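Text of input05.cif, listed as mmCIF, C-alpha atoms:
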data_upload
#
loop_
_atom_site.label_atom_id
_atom_site.label_comp_id
_atom_site.auth_asym_id
_atom_site.auth_seq_id
_atom_site.Cartn_x
_atom_site.Cartn_y
_atom_site.Cartn_z
CA MET A 560 16.38 -4.44 14.70
CA LEU A 561 17.33 -3.22 11.25
CA PRO A 562 16.60 0.46 10.62
CA VAL A 563 13.38 1.75 9.09
CA ALA A 564 14.13 3.28 5.66
CA LEU A 565 12.58 6.75 5.34
CA ASP A 566 12.09 8.38 1.93
CA VAL A 567 13.34 11.77 3.06
CA MET A 568 12.18 13.53 -0.14
CA GLY A 569 8.59 12.27 0.07
CA GLY A 570 5.65 14.56 0.83
CA ASP A 571 4.32 17.99 -0.04
CA LEU A 572 6.43 19.74 2.58
CA GLY A 573 9.91 18.62 1.51
CA PRO A 574 12.58 17.01 3.70
CA ARG A 575 12.09 19.16 6.82
CA PRO A 576 9.25 17.25 8.56
CA ASN A 577 10.79 13.95 7.47
CA LEU A 578 14.12 14.87 9.05
CA ALA A 579 12.49 16.14 12.24
CA GLY A 580 10.34 13.01 12.44
CA ALA A 581 13.39 10.79 11.88
CA HIS A 582 15.37 12.49 14.64
CA ALA A 583 12.39 12.16 17.00
CA ALA A 584 12.02 8.47 16.19
CA VAL A 585 15.72 7.83 16.79
CA ALA A 586 15.37 9.63 20.11
CA ASP A 587 12.52 7.18 20.84
CA GLY A 588 15.00 4.34 20.30
CA ILE A 589 13.96 3.32 16.78
CA PRO A 590 16.81 3.01 14.26
CA VAL A 591 16.19 4.97 11.05
CA VAL A 592 18.10 5.22 7.79
CA LEU A 593 17.31 8.10 5.46
CA VAL A 594 17.05 7.54 1.72
CA GLY A 595 17.91 10.72 -0.12
CA PRO A 596 20.48 12.75 -2.03
CA SER A 597 24.16 12.74 -1.01
CA ASP A 598 24.14 16.49 -0.35
CA LEU A 599 21.14 16.32 2.00
CA ASP A 600 21.17 18.98 4.73
CA GLY A 601 19.79 18.24 8.16
CA ARG A 602 21.23 14.80 8.87
CA ASP A 603 22.83 16.21 12.01
CA GLY A 604 20.33 16.87 14.74
CA PRO A 605 19.34 16.21 18.33
CA SER A 606 19.69 12.45 17.89
CA GLY A 607 23.12 12.61 16.24
CA THR A 608 23.92 12.07 12.56
CA LEU A 609 21.35 9.99 10.71
CA ASP A 610 22.57 7.26 8.36
CA LEU A 611 21.93 7.73 4.66
CA ILE A 612 21.32 5.49 1.67
CA VAL A 613 22.12 7.65 -1.34
CA ALA A 614 19.47 8.03 -4.04
CA SER A 615 19.83 10.71 -6.69
CA GLU A 616 16.30 10.85 -8.09
CA VAL A 617 12.82 11.63 -6.81
CA ILE A 618 9.50 10.34 -8.14
CA GLY A 619 7.31 13.44 -7.96
CA MET A 620 3.78 13.61 -6.57
CA HIS A 621 2.35 13.83 -10.09
CA ASP A 622 4.61 11.31 -11.84
CA ASP A 623 3.06 8.17 -13.27
CA PRO A 624 3.57 5.57 -10.49
CA ALA A 625 4.66 2.49 -12.43
CA GLY A 626 6.44 4.53 -15.11
CA GLY A 627 8.27 6.45 -12.40
CA VAL A 628 9.58 3.25 -10.84
CA ARG A 629 10.66 1.96 -14.26
CA LYS A 630 12.41 5.16 -15.30
CA LYS A 631 13.84 6.37 -12.00
CA LYS A 632 15.74 3.37 -10.75
CA ASP A 633 17.89 5.53 -8.47
CA SER A 634 14.91 7.23 -6.86
CA THR A 635 14.41 7.47 -3.11
CA LEU A 636 11.32 5.24 -3.26
CA VAL A 637 12.96 2.50 -5.32
CA ARG A 638 16.10 2.54 -3.16
CA ALA A 639 14.03 2.40 0.03
CA ALA A 640 12.14 -0.66 -1.22
CA GLU A 641 15.39 -2.29 -2.35
CA ALA A 642 16.87 -1.70 1.11
CA VAL A 643 14.03 -3.78 2.58
CA ARG A 644 14.36 -6.43 -0.11
CA ASP A 645 18.12 -6.67 0.38
CA GLY A 646 17.97 -6.90 4.18
CA ARG A 647 19.45 -3.46 4.86
CA ALA A 648 16.22 -2.08 6.31
CA SER A 649 13.36 -3.67 8.19
CA ALA A 650 10.60 -1.52 6.68
CA MET A 651 10.04 1.51 4.47
CA ILE A 652 8.00 4.66 4.93
CA SER A 653 7.18 7.51 2.57
CA ALA A 654 4.87 10.52 2.48
CA GLY A 655 5.43 10.77 -1.27
CA ASN A 656 3.44 9.68 -4.31
CA THR A 657 1.10 6.94 -3.00
CA GLY A 658 0.89 5.04 -6.27
CA ALA A 659 4.65 5.10 -6.73
CA THR A 660 5.20 3.97 -3.14
CA MET A 661 2.91 1.06 -3.80
CA ALA A 662 4.58 0.27 -7.14
CA SER A 663 8.08 0.46 -5.61
CA ALA A 664 7.12 -1.89 -2.79
CA LEU A 665 5.32 -4.30 -5.09
CA LEU A 666 8.01 -4.39 -7.78
CA ARG A 667 11.04 -4.47 -5.47
CA MET A 668 9.87 -6.19 -2.28
CA GLY A 669 7.44 -8.45 -4.16
CA ARG A 670 4.04 -9.81 -3.28
CA ILE A 671 3.35 -12.39 -0.59
CA LYS A 672 2.79 -15.75 -2.24
CA GLY A 673 -0.91 -16.30 -2.80
CA VAL A 674 -1.95 -12.67 -2.30
CA LYS A 675 -4.02 -11.64 -5.30
CA ARG A 676 -3.52 -7.91 -4.86
CA PRO A 677 -1.99 -5.72 -2.15
CA ALA A 678 -4.37 -3.28 -0.45
CA ILE A 679 -3.94 -0.01 1.39
CA ALA A 680 -5.27 -0.20 4.95
CA THR A 681 -6.06 3.13 6.61
CA PRO A 682 -7.05 3.66 10.24
CA ILE A 683 -10.21 5.77 10.49
CA PRO A 684 -10.46 7.54 13.84
CA VAL A 685 -13.34 6.67 16.12
CA PRO A 686 -13.79 9.09 19.04
CA GLY A 687 -13.34 7.31 22.35
CA SER A 688 -12.48 3.96 20.81
CA THR A 689 -9.92 2.15 18.68
CA PRO A 690 -9.87 3.25 15.03
CA THR A 691 -11.63 1.29 12.31
CA VAL A 692 -9.32 -0.16 9.66
CA LEU A 693 -10.61 0.65 6.17
CA LEU A 694 -9.25 -1.30 3.21
CA ASP A 695 -8.76 -0.99 0.34
CA ALA A 696 -8.29 2.79 0.49
CA GLY A 697 -7.17 3.18 -3.09
CA ALA A 698 -4.82 0.52 -4.45
CA ASN A 699 -7.33 -1.40 -6.60
CA ALA A 700 -10.13 0.51 -8.32
CA GLU A 701 -11.68 -2.73 -9.55
CA VAL A 702 -11.67 -5.91 -7.48
CA GLN A 703 -12.97 -9.45 -7.38
CA ALA A 704 -14.76 -11.17 -4.50
CA GLU A 705 -11.73 -13.35 -3.68
CA TRP A 706 -9.53 -10.29 -3.36
CA LEU A 707 -11.96 -8.70 -0.90
CA VAL A 708 -11.86 -11.84 1.22
CA GLN A 709 -8.07 -11.55 1.38
CA PHE A 710 -8.42 -7.88 2.30
CA GLY A 711 -10.56 -9.07 5.22
CA GLN A 712 -7.89 -11.55 6.31
CA MET A 713 -5.05 -9.05 6.04
CA GLY A 714 -7.00 -6.20 7.64
CA SER A 715 -7.94 -8.43 10.54
CA ILE A 716 -4.30 -9.31 11.25
CA PHE A 717 -3.31 -5.65 11.00
CA ALA A 718 -6.12 -4.48 13.33
CA HIS A 719 -5.09 -7.10 15.88
CA HIS A 720 -1.43 -6.10 15.99
CA ARG A 721 -1.84 -2.38 15.39
CA PHE A 722 -4.63 -1.71 17.86
CA GLY A 723 -4.59 -4.79 20.09
CA ILE A 724 -8.08 -5.88 19.04
CA GLU A 725 -8.74 -9.55 19.77
CA ASN A 726 -10.66 -11.27 16.98
CA PRO A 727 -11.47 -8.06 15.06
CA ARG A 728 -15.01 -7.75 13.67
CA VAL A 729 -14.86 -7.58 9.88
CA GLY A 730 -17.66 -5.91 7.90
CA LEU A 731 -18.28 -5.63 4.18
CA LEU A 732 -19.20 -2.10 3.09
CA SER A 733 -22.51 -2.13 1.27
CA ILE A 734 -25.79 -0.24 1.03
CA GLY A 735 -27.69 -2.24 3.64
CA GLU A 736 -27.02 -4.71 6.41
CA GLU A 737 -28.84 -7.64 4.82
CA ALA A 738 -26.66 -10.07 2.88
CA THR A 739 -28.88 -9.61 -0.15
CA LYS A 740 -28.21 -5.85 -0.31
CA GLY A 741 -25.73 -4.42 -2.79
CA ASP A 742 -24.45 -5.26 -6.24
CA SER A 743 -23.46 -8.72 -7.45
CA LEU A 744 -19.87 -8.27 -6.23
CA ARG A 745 -21.00 -7.53 -2.64
CA LYS A 746 -23.45 -10.44 -2.62
CA GLU A 747 -20.79 -12.87 -3.82
CA THR A 748 -18.23 -11.45 -1.39
CA ASN A 749 -20.67 -11.68 1.51
CA GLU A 750 -21.12 -15.41 0.87
CA LEU A 751 -17.38 -16.01 0.51
CA LEU A 752 -16.48 -14.06 3.65
CA ALA A 753 -19.09 -15.93 5.67
CA ALA A 754 -17.59 -19.22 4.50
CA THR A 755 -13.94 -18.29 5.15
CA PRO A 756 -12.48 -19.67 8.39
CA GLY A 757 -10.42 -17.42 10.62
CA ILE A 758 -12.35 -14.23 9.87
CA ASN A 759 -14.82 -12.83 12.38
CA PHE A 760 -17.21 -11.68 9.65
CA ILE A 761 -20.20 -9.77 11.02
CA GLY A 762 -21.92 -9.18 7.67
CA ASN A 763 -22.58 -6.04 5.70
CA VAL A 764 -22.02 -2.63 7.23
CA GLU A 765 -22.98 0.81 5.97
CA GLY A 766 -20.99 4.01 5.58
CA ARG A 767 -22.36 5.38 8.86
CA ASP A 768 -20.85 2.44 10.76
CA ILE A 769 -17.24 3.23 9.79
CA MET A 770 -16.76 5.82 12.53
CA GLY A 771 -18.84 3.85 15.01
CA THR A 772 -17.89 1.13 17.48
CA ASP A 773 -19.66 -1.90 16.00
CA VAL A 774 -17.00 -2.89 13.44
CA ASP A 775 -13.19 -3.03 13.51
CA VAL A 776 -12.28 -3.72 9.87
CA VAL A 777 -14.27 -2.47 6.88
CA VAL A 778 -13.59 -4.14 3.55
CA THR A 779 -14.33 -2.51 0.21
CA ASP A 780 -12.89 -1.93 -3.25
CA GLY A 781 -10.21 0.74 -3.68
CA PHE A 782 -12.44 3.11 -5.63
CA THR A 783 -15.15 3.18 -2.96
CA GLY A 784 -12.59 3.13 -0.15
CA ASN A 785 -10.79 6.16 -1.49
CA VAL A 786 -14.04 8.08 -1.94
CA VAL A 787 -15.01 7.19 1.64
CA LEU A 788 -11.62 8.23 3.00
CA LYS A 789 -11.57 11.58 1.22
CA THR A 790 -15.20 12.27 2.14
CA LEU A 791 -14.51 11.60 5.81
CA GLU A 792 -11.32 13.70 5.78
CA GLY A 793 -13.08 16.60 4.07
CA GLY A 794 -16.15 16.31 6.28
CA MET A 795 -14.14 16.24 9.51
CA LYS A 796 -12.04 19.19 8.38
CA THR A 797 -15.14 21.21 7.56
CA VAL A 798 -16.85 20.41 10.86
CA ILE A 799 -13.72 21.24 12.87
CA SER A 800 -13.24 24.55 10.99
CA ALA A 801 -16.89 25.42 11.54
CA LEU A 802 -16.60 24.65 15.26
CA LEU A 803 -13.46 26.73 15.65
CA GLY A 804 -15.13 29.53 13.69
CA ALA A 805 -18.13 29.46 16.02
CA PHE A 806 -15.84 29.57 19.08
CA ASP A 807 -14.01 32.57 17.65
CA ALA A 808 -16.90 34.93 18.35
CA PRO A 809 -15.94 37.27 21.25
CA GLU A 810 -19.11 36.50 23.21
CA TYR A 811 -18.20 32.79 23.34
CA LYS A 812 -14.48 33.16 24.10
CA GLU A 813 -14.84 32.44 27.79
CA HIS A 814 -16.89 29.30 27.12
CA ALA A 815 -14.53 28.20 24.37
CA ASP A 816 -11.53 28.54 26.69
CA ALA A 817 -13.32 26.36 29.25
CA LEU A 818 -14.14 23.69 26.66
CA MET A 819 -10.71 23.57 24.99
CA PRO A 820 -9.11 21.09 27.44
CA ALA A 821 -11.86 18.62 26.53
CA LEU A 822 -11.83 19.37 22.80
CA LEU A 823 -8.08 19.29 22.13
CA PRO A 824 -7.64 15.56 22.91
CA LEU A 825 -10.68 14.88 20.75
CA TYR A 826 -9.13 16.92 17.95
CA SER A 827 -5.90 14.97 18.37
CA SER A 828 -7.74 11.65 18.16
CA LEU A 829 -9.33 12.74 14.88
CA SER A 830 -6.07 13.93 13.32
CA PRO A 831 -4.51 11.66 10.66
CA ASP A 832 -1.10 12.60 12.12
CA THR A 833 -1.86 10.57 15.24
CA TYR A 834 -1.87 7.27 13.34
CA GLY A 835 1.14 8.00 11.15
CA GLY A 836 -0.41 6.83 7.92
CA ALA A 837 -1.66 3.78 6.10
CA ILE A 838 0.01 0.43 5.53
CA LEU A 839 0.32 -1.49 2.28
CA LEU A 840 -0.75 -5.03 3.10
CA GLY A 841 0.13 -8.01 0.91
CA VAL A 842 3.66 -7.07 -0.08
CA ASP A 843 6.60 -9.04 1.25
CA GLY A 844 7.68 -6.51 3.86
CA VAL A 845 6.37 -3.57 5.85
CA CYS A 846 5.55 -0.45 3.85
CA ILE A 847 3.98 2.58 5.51
CA ILE A 848 2.31 5.19 3.30
CA SER A 849 2.03 8.51 5.08
CA HIS A 850 -0.17 11.43 4.14
CA GLY A 851 1.40 13.90 1.68
CA SER A 852 1.09 16.71 4.20
CA SER A 853 2.56 14.69 7.08
CA SER A 854 4.03 16.67 9.96
CA ALA A 855 7.15 15.62 11.87
CA ASP A 856 4.85 14.00 14.42
CA ALA A 857 3.09 11.99 11.72
CA ILE A 858 6.43 10.74 10.38
CA ARG A 859 7.60 9.89 13.89
CA ASN A 860 4.37 7.97 14.51
CA GLY A 861 4.58 6.27 11.13
CA ILE A 862 8.11 5.08 11.90
CA GLY A 863 6.79 3.78 15.23
CA VAL A 864 4.04 1.85 13.44
CA ALA A 865 6.62 0.40 11.05
CA ARG A 866 8.72 -0.77 14.00
CA ASP A 867 5.68 -2.32 15.71
CA MET A 868 4.58 -4.17 12.58
CA VAL A 869 8.10 -5.51 12.05
CA GLU A 870 8.32 -6.65 15.66
CA HIS A 871 4.94 -8.40 15.38
CA ASP A 872 6.14 -9.97 12.11
CA ILE A 873 2.87 -9.11 10.44
CA THR A 874 4.24 -10.17 7.04
CA ALA A 875 4.85 -13.73 8.23
CA GLU A 876 1.41 -13.87 9.81
CA ILE A 877 -0.31 -12.72 6.61
CA THR A 878 1.77 -15.23 4.64
CA ALA A 879 0.60 -18.05 6.91
CA ALA A 880 -3.05 -16.94 6.86
CA ILE A 881 -3.16 -16.71 3.07
CA ALA A 882 -1.40 -20.07 2.69
CA ALA A 883 -3.85 -21.71 5.10
CA THR A 884 -6.87 -20.67 3.06
CA ARG A 885 -5.26 -21.65 -0.26
CA ASP A 886 -4.66 -25.22 0.82
CA MET B 37 23.61 -15.62 -31.89
CA ALA B 38 21.91 -18.62 -33.48
CA ALA B 39 23.34 -20.97 -30.87
CA ASN B 40 21.77 -18.89 -28.08
CA LYS B 41 18.47 -18.41 -29.78
CA ILE B 42 15.50 -18.61 -27.42
CA GLU B 43 12.76 -20.65 -29.01
CA ARG B 44 9.27 -19.23 -29.23
CA ASP B 45 7.80 -22.12 -27.20
CA GLU B 46 10.20 -21.37 -24.39
CA ILE B 47 9.23 -17.71 -24.43
CA LEU B 48 5.56 -18.66 -24.30
CA ARG B 49 6.29 -20.83 -21.27
CA ILE B 50 8.15 -17.98 -19.54
CA VAL B 51 5.29 -15.54 -20.26
CA ARG B 52 2.70 -18.03 -19.02
CA ASP B 53 4.63 -18.86 -15.85
CA SER B 54 5.20 -15.19 -15.08
CA LEU B 55 1.54 -14.32 -15.62
CA SER B 56 0.52 -17.29 -13.52
CA ASP B 57 2.67 -16.04 -10.63
CA ILE B 58 1.55 -12.45 -10.94
CA LEU B 59 -2.18 -13.04 -11.46
CA GLU B 60 -2.42 -16.14 -9.26
CA ILE B 61 -4.03 -18.22 -12.00
CA GLU B 62 -3.17 -21.62 -13.48
CA PRO B 63 -0.70 -21.47 -16.42
CA ASP B 64 -2.91 -23.87 -18.41
CA THR B 65 -5.72 -21.34 -18.44
CA ILE B 66 -3.59 -18.77 -20.26
CA SER B 67 -3.74 -18.85 -24.04
CA GLU B 68 -2.00 -16.77 -26.67
CA GLY B 69 -5.12 -15.04 -27.91
CA GLN B 70 -6.08 -13.65 -24.52
CA SER B 71 -6.02 -9.94 -23.85
CA PHE B 72 -4.15 -8.93 -20.70
CA VAL B 73 -6.78 -6.43 -19.64
CA ASP B 74 -10.06 -7.79 -21.02
CA ASP B 75 -9.52 -11.52 -20.52
CA LEU B 76 -6.95 -11.79 -17.73
CA ASP B 77 -7.98 -8.77 -15.62
CA ALA B 78 -4.40 -7.54 -15.45
CA ASP B 79 -4.09 -3.94 -14.24
CA SER B 80 -1.26 -1.57 -15.11
CA LEU B 81 0.84 -2.64 -12.13
CA ALA B 82 0.45 -6.31 -13.01
CA LEU B 83 1.67 -5.54 -16.53
CA ILE B 84 4.72 -3.75 -15.15
CA GLU B 85 5.34 -6.78 -12.93
CA LEU B 86 5.21 -8.92 -16.08
CA VAL B 87 7.61 -6.64 -17.94
CA GLU B 88 10.14 -6.69 -15.09
CA SER B 89 9.82 -10.44 -14.73
CA LEU B 90 10.40 -10.99 -18.46
CA GLU B 91 13.38 -8.62 -18.53
CA GLU B 92 14.93 -10.50 -15.62
CA GLN B 93 14.35 -14.01 -16.95
CA VAL B 94 15.04 -13.37 -20.64
CA GLY B 95 17.91 -11.08 -19.67
CA GLU B 96 19.77 -14.09 -18.27
CA ARG B 97 20.04 -15.42 -21.85
CA ALA B 98 20.01 -12.13 -23.76
CA PRO B 99 21.74 -9.58 -21.53
CA ASP B 100 20.72 -6.51 -23.58
CA PHE B 101 17.07 -7.48 -23.68
CA ARG B 102 14.70 -4.78 -22.53
CA ILE B 103 11.07 -3.94 -23.17
CA GLU B 104 10.94 -0.28 -24.11
CA ASP B 105 8.29 1.76 -22.31
CA GLU B 106 7.01 3.25 -25.58
CA ASP B 107 6.35 -0.27 -26.88
CA LEU B 108 4.24 -1.26 -23.90
CA GLU B 109 0.95 0.06 -25.20
CA ASP B 110 1.24 -2.19 -28.27
CA LEU B 111 1.44 -5.31 -26.11
CA LYS B 112 -2.22 -6.08 -25.63
CA THR B 113 -2.32 -9.87 -25.77
CA VAL B 114 -0.20 -12.78 -24.64
CA ARG B 115 0.73 -13.34 -28.31
CA ASP B 116 1.89 -9.72 -28.66
CA ALA B 117 4.23 -10.19 -25.68
CA VAL B 118 5.60 -13.51 -26.92
CA ASP B 119 6.22 -12.11 -30.42
CA TYR B 120 7.88 -9.01 -29.01
CA VAL B 121 10.24 -11.00 -26.80
CA PHE B 122 10.99 -13.46 -29.64
CA GLU B 123 11.94 -10.67 -32.03
CA ASN B 124 13.88 -8.50 -29.61
CA ALA B 125 15.72 -11.17 -27.61
CA ASN B 126 16.99 -12.87 -30.74
CA ASP B 127 17.99 -9.92 -32.91
#
Can you present the structure in this file as structure tokens?
Amino acid sequence: MLPVALDVMGGDLGPRPNLAGAHAAVADGIPVVLVGPSDLDGRDGPSGTLDLIVASEVIGMHDDPAGGVRKKKDSTLVRAAEAVRDGRASAMISAGNTGATMASALLRMGRIKGVKRPAIATPIPVPGSTPTVLLDAGANAEVQAEWLVQFGQMGSIFAHHRFGIENPRVGLLSIGEEATKGDSLRKETNELLAATPGINFIGNVEGRDIMGTDVDVVVTDGFTGNVVLKTLEGGMKTVISALLGAFDAPEYKEHADALMPALLPLYSSLSPDTYGGAILLGVDGVCIISHGSSSADAIRNGIGVARDMVEHDITAEITAAIAATRD
Amino acid sequence: MAANKIERDEILRIVRDSLSDILEIEPDTISEGQSFVDDLDADSLALIELVESLEEQVGERAPDFRIEDEDLEDLKTVRDAVDYVFENAND
């Protein structure tokens, strides 16, 4: 397969975790091409010398997304998206500016015909089960009912290929399970989703269901989705810190040591690094958006997800699903 | 330059077709008086998609044509965009 293009300058931690993640992915057998400056250090490593597409600019974490893409045409993000568009890479991945990653992918790779708006799909960990796919996690602050239906279609395809879920259960995030609960947008969307073939729509779900096992894909607008995502991340971090703090007390050390073998896998299953990041669905290619603070492991996993989604040809499947419901 | 002049009607057609593609709406439903944001629900990314599409298509006839970023905030309606392209692609 063609290599996965990695924006080596993306993220809060600089090139180091990106380079380590790239070397690890190559060692796993996944071809990777870096996108970064010509004088980049660290291309040589345990997996050999990584290939490089030269890009002289970087769109910073605080740059305006669309403006950054317009002004910095030789940026790592723009060049990575162009590599996918031009058939030099199979997918792109970045831990950089989320908005600019989305803008680069949308403006260079283009939108799938018929897709109203791309959406960011984020796996939310569920202890002891497959994650729940939440979308939109921040691409579209304001949405229309038709767009949410498409999010349901795209999220369903992603959940199937990413987590092996047959006929994923799709829920609409609202403030009550009854179809009549929620604002006018949710009521209209509920009706449309129920009438759309090919989606296993189970009705409205509530915030408490997202980390449960009764739903596989949760559809919402990007404003709400981002608030949910950040609330869950912050909540989990606080609970984990509080737990570790409680275990730190000398009188509990022995008990804590005994519990750690059980708790560490649980901690790992709750870590965003495990899933490698989110995916931008609806653009004409595979684009993985990793967390700004991604570790080498997260980048390695994200590259693995990119490879899997390319191999499953998720873009073609979304294209066909959207076309089928337009006709 | 006169021989290569791009007529206003043609520019309107290009703007309509581009908006139709980007916003997934019928070209016939787009009129000159409509506001991108208030009437057509175009967000900032959709407007950048429009700008890039216009630069590409109009640029085939007027190679130096470009929509300057500082002019973007003045382009609020379909008419604003058509007038802007008409003036700047033909000067």
What would the list of residues within 12 Å of (-5.7, -16.4, -10.0) (file frame) look like as a list in words, if only C-alpha atoms are what count?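 The residues that fall inside the cut-off are Lys672, Gly673, Val674, Lys675, Arg676, Gln703, Ala704, Glu705, Trp706 and Arg885 of chain A; Leu55, Ser56, Asp57, Ile58, Leu59, Glu60, Ile61, Glu62, Pro63, Asp64, Thr65, Ile66, Leu76, Asp77 and Ala78 of chain B.
Here atom CA of Thr635 of chain A is placed at a distance of 21.4 Å from atom CA of Gly841 of chain A.
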May I have the centre and edge lengths, in Å to one decimal, of an axis-aligned box around the listed atoms of segment 99-111 of chain B with 3 Å added to every side, as lines of an AutoDock Vina configuration file?
center_x = 11.3
center_y = -3.2
center_z = -24.9
size_x = 26.8
size_y = 18.8
size_z = 12.7
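Running the PyMOL selection byres ((chain A) within 10 of (chain B)) on this file leaves A:Pro624, A:Ala625, A:Gly626, A:Val628, A:Arg629, A:Lys630, A:Gly658, A:Met661, A:Ala662, A:Leu665, A:Leu666, A:Arg667, A:Gly669, A:Arg670, A:Lys672, A:Gly673, A:Val674, A:Lys675, A:Arg676, A:Asn699, A:Ala700, A:Glu701, A:Val702, A:Gln703 selected.
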Between atom CA of Val869 of chain A and atom CA of Ala650 of chain A lies a distance of 7.1 Å
Length of the atom CA of Arg647 of chain A to atom CA of Ile612 of chain A vector [Å]: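 Pair atom CA of Arg647 of chain A / atom CA of Ile612 of chain A returns 9.7 Å.
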If you keep C-alpha atoms, can you output segment 56-68 of chain B as an mmCIF file, in the first residue's frame?
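Once everything was written out, this is decode_17.cif:
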data_model
loop_
_atom_site.group_PDB
_atom_site.id
_atom_site.type_symbol
_atom_site.label_atom_id
_atom_site.label_comp_id
_atom_site.auth_asym_id
_atom_site.auth_seq_id
_atom_site.Cartn_x
_atom_site.Cartn_y
_atom_site.Cartn_z
ATOM 1 C CA SER B 56 -24.360 24.312 -5.356
ATOM 2 C CA ASP B 57 -21.499 21.793 -5.190
ATOM 3 C CA ILE B 58 -20.214 23.010 -1.849
ATOM 4 C CA LEU B 59 -23.547 23.407 -0.053
ATOM 5 C CA GLU B 60 -25.306 20.506 -1.783
ATOM 6 C CA ILE B 61 -28.238 22.661 -2.885
ATOM 7 C CA GLU B 62 -29.866 23.228 -6.283
ATOM 8 C CA PRO B 63 -28.297 26.086 -8.312
ATOM 9 C CA ASP B 64 -31.768 27.438 -9.127
ATOM 10 C CA THR B 65 -32.415 28.133 -5.463
ATOM 11 C CA ILE B 66 -29.456 30.511 -5.247
ATOM 12 C CA SER B 67 -30.180 34.152 -5.973
ATOM 13 C CA GLU B 68 -27.939 37.203 -6.037
#
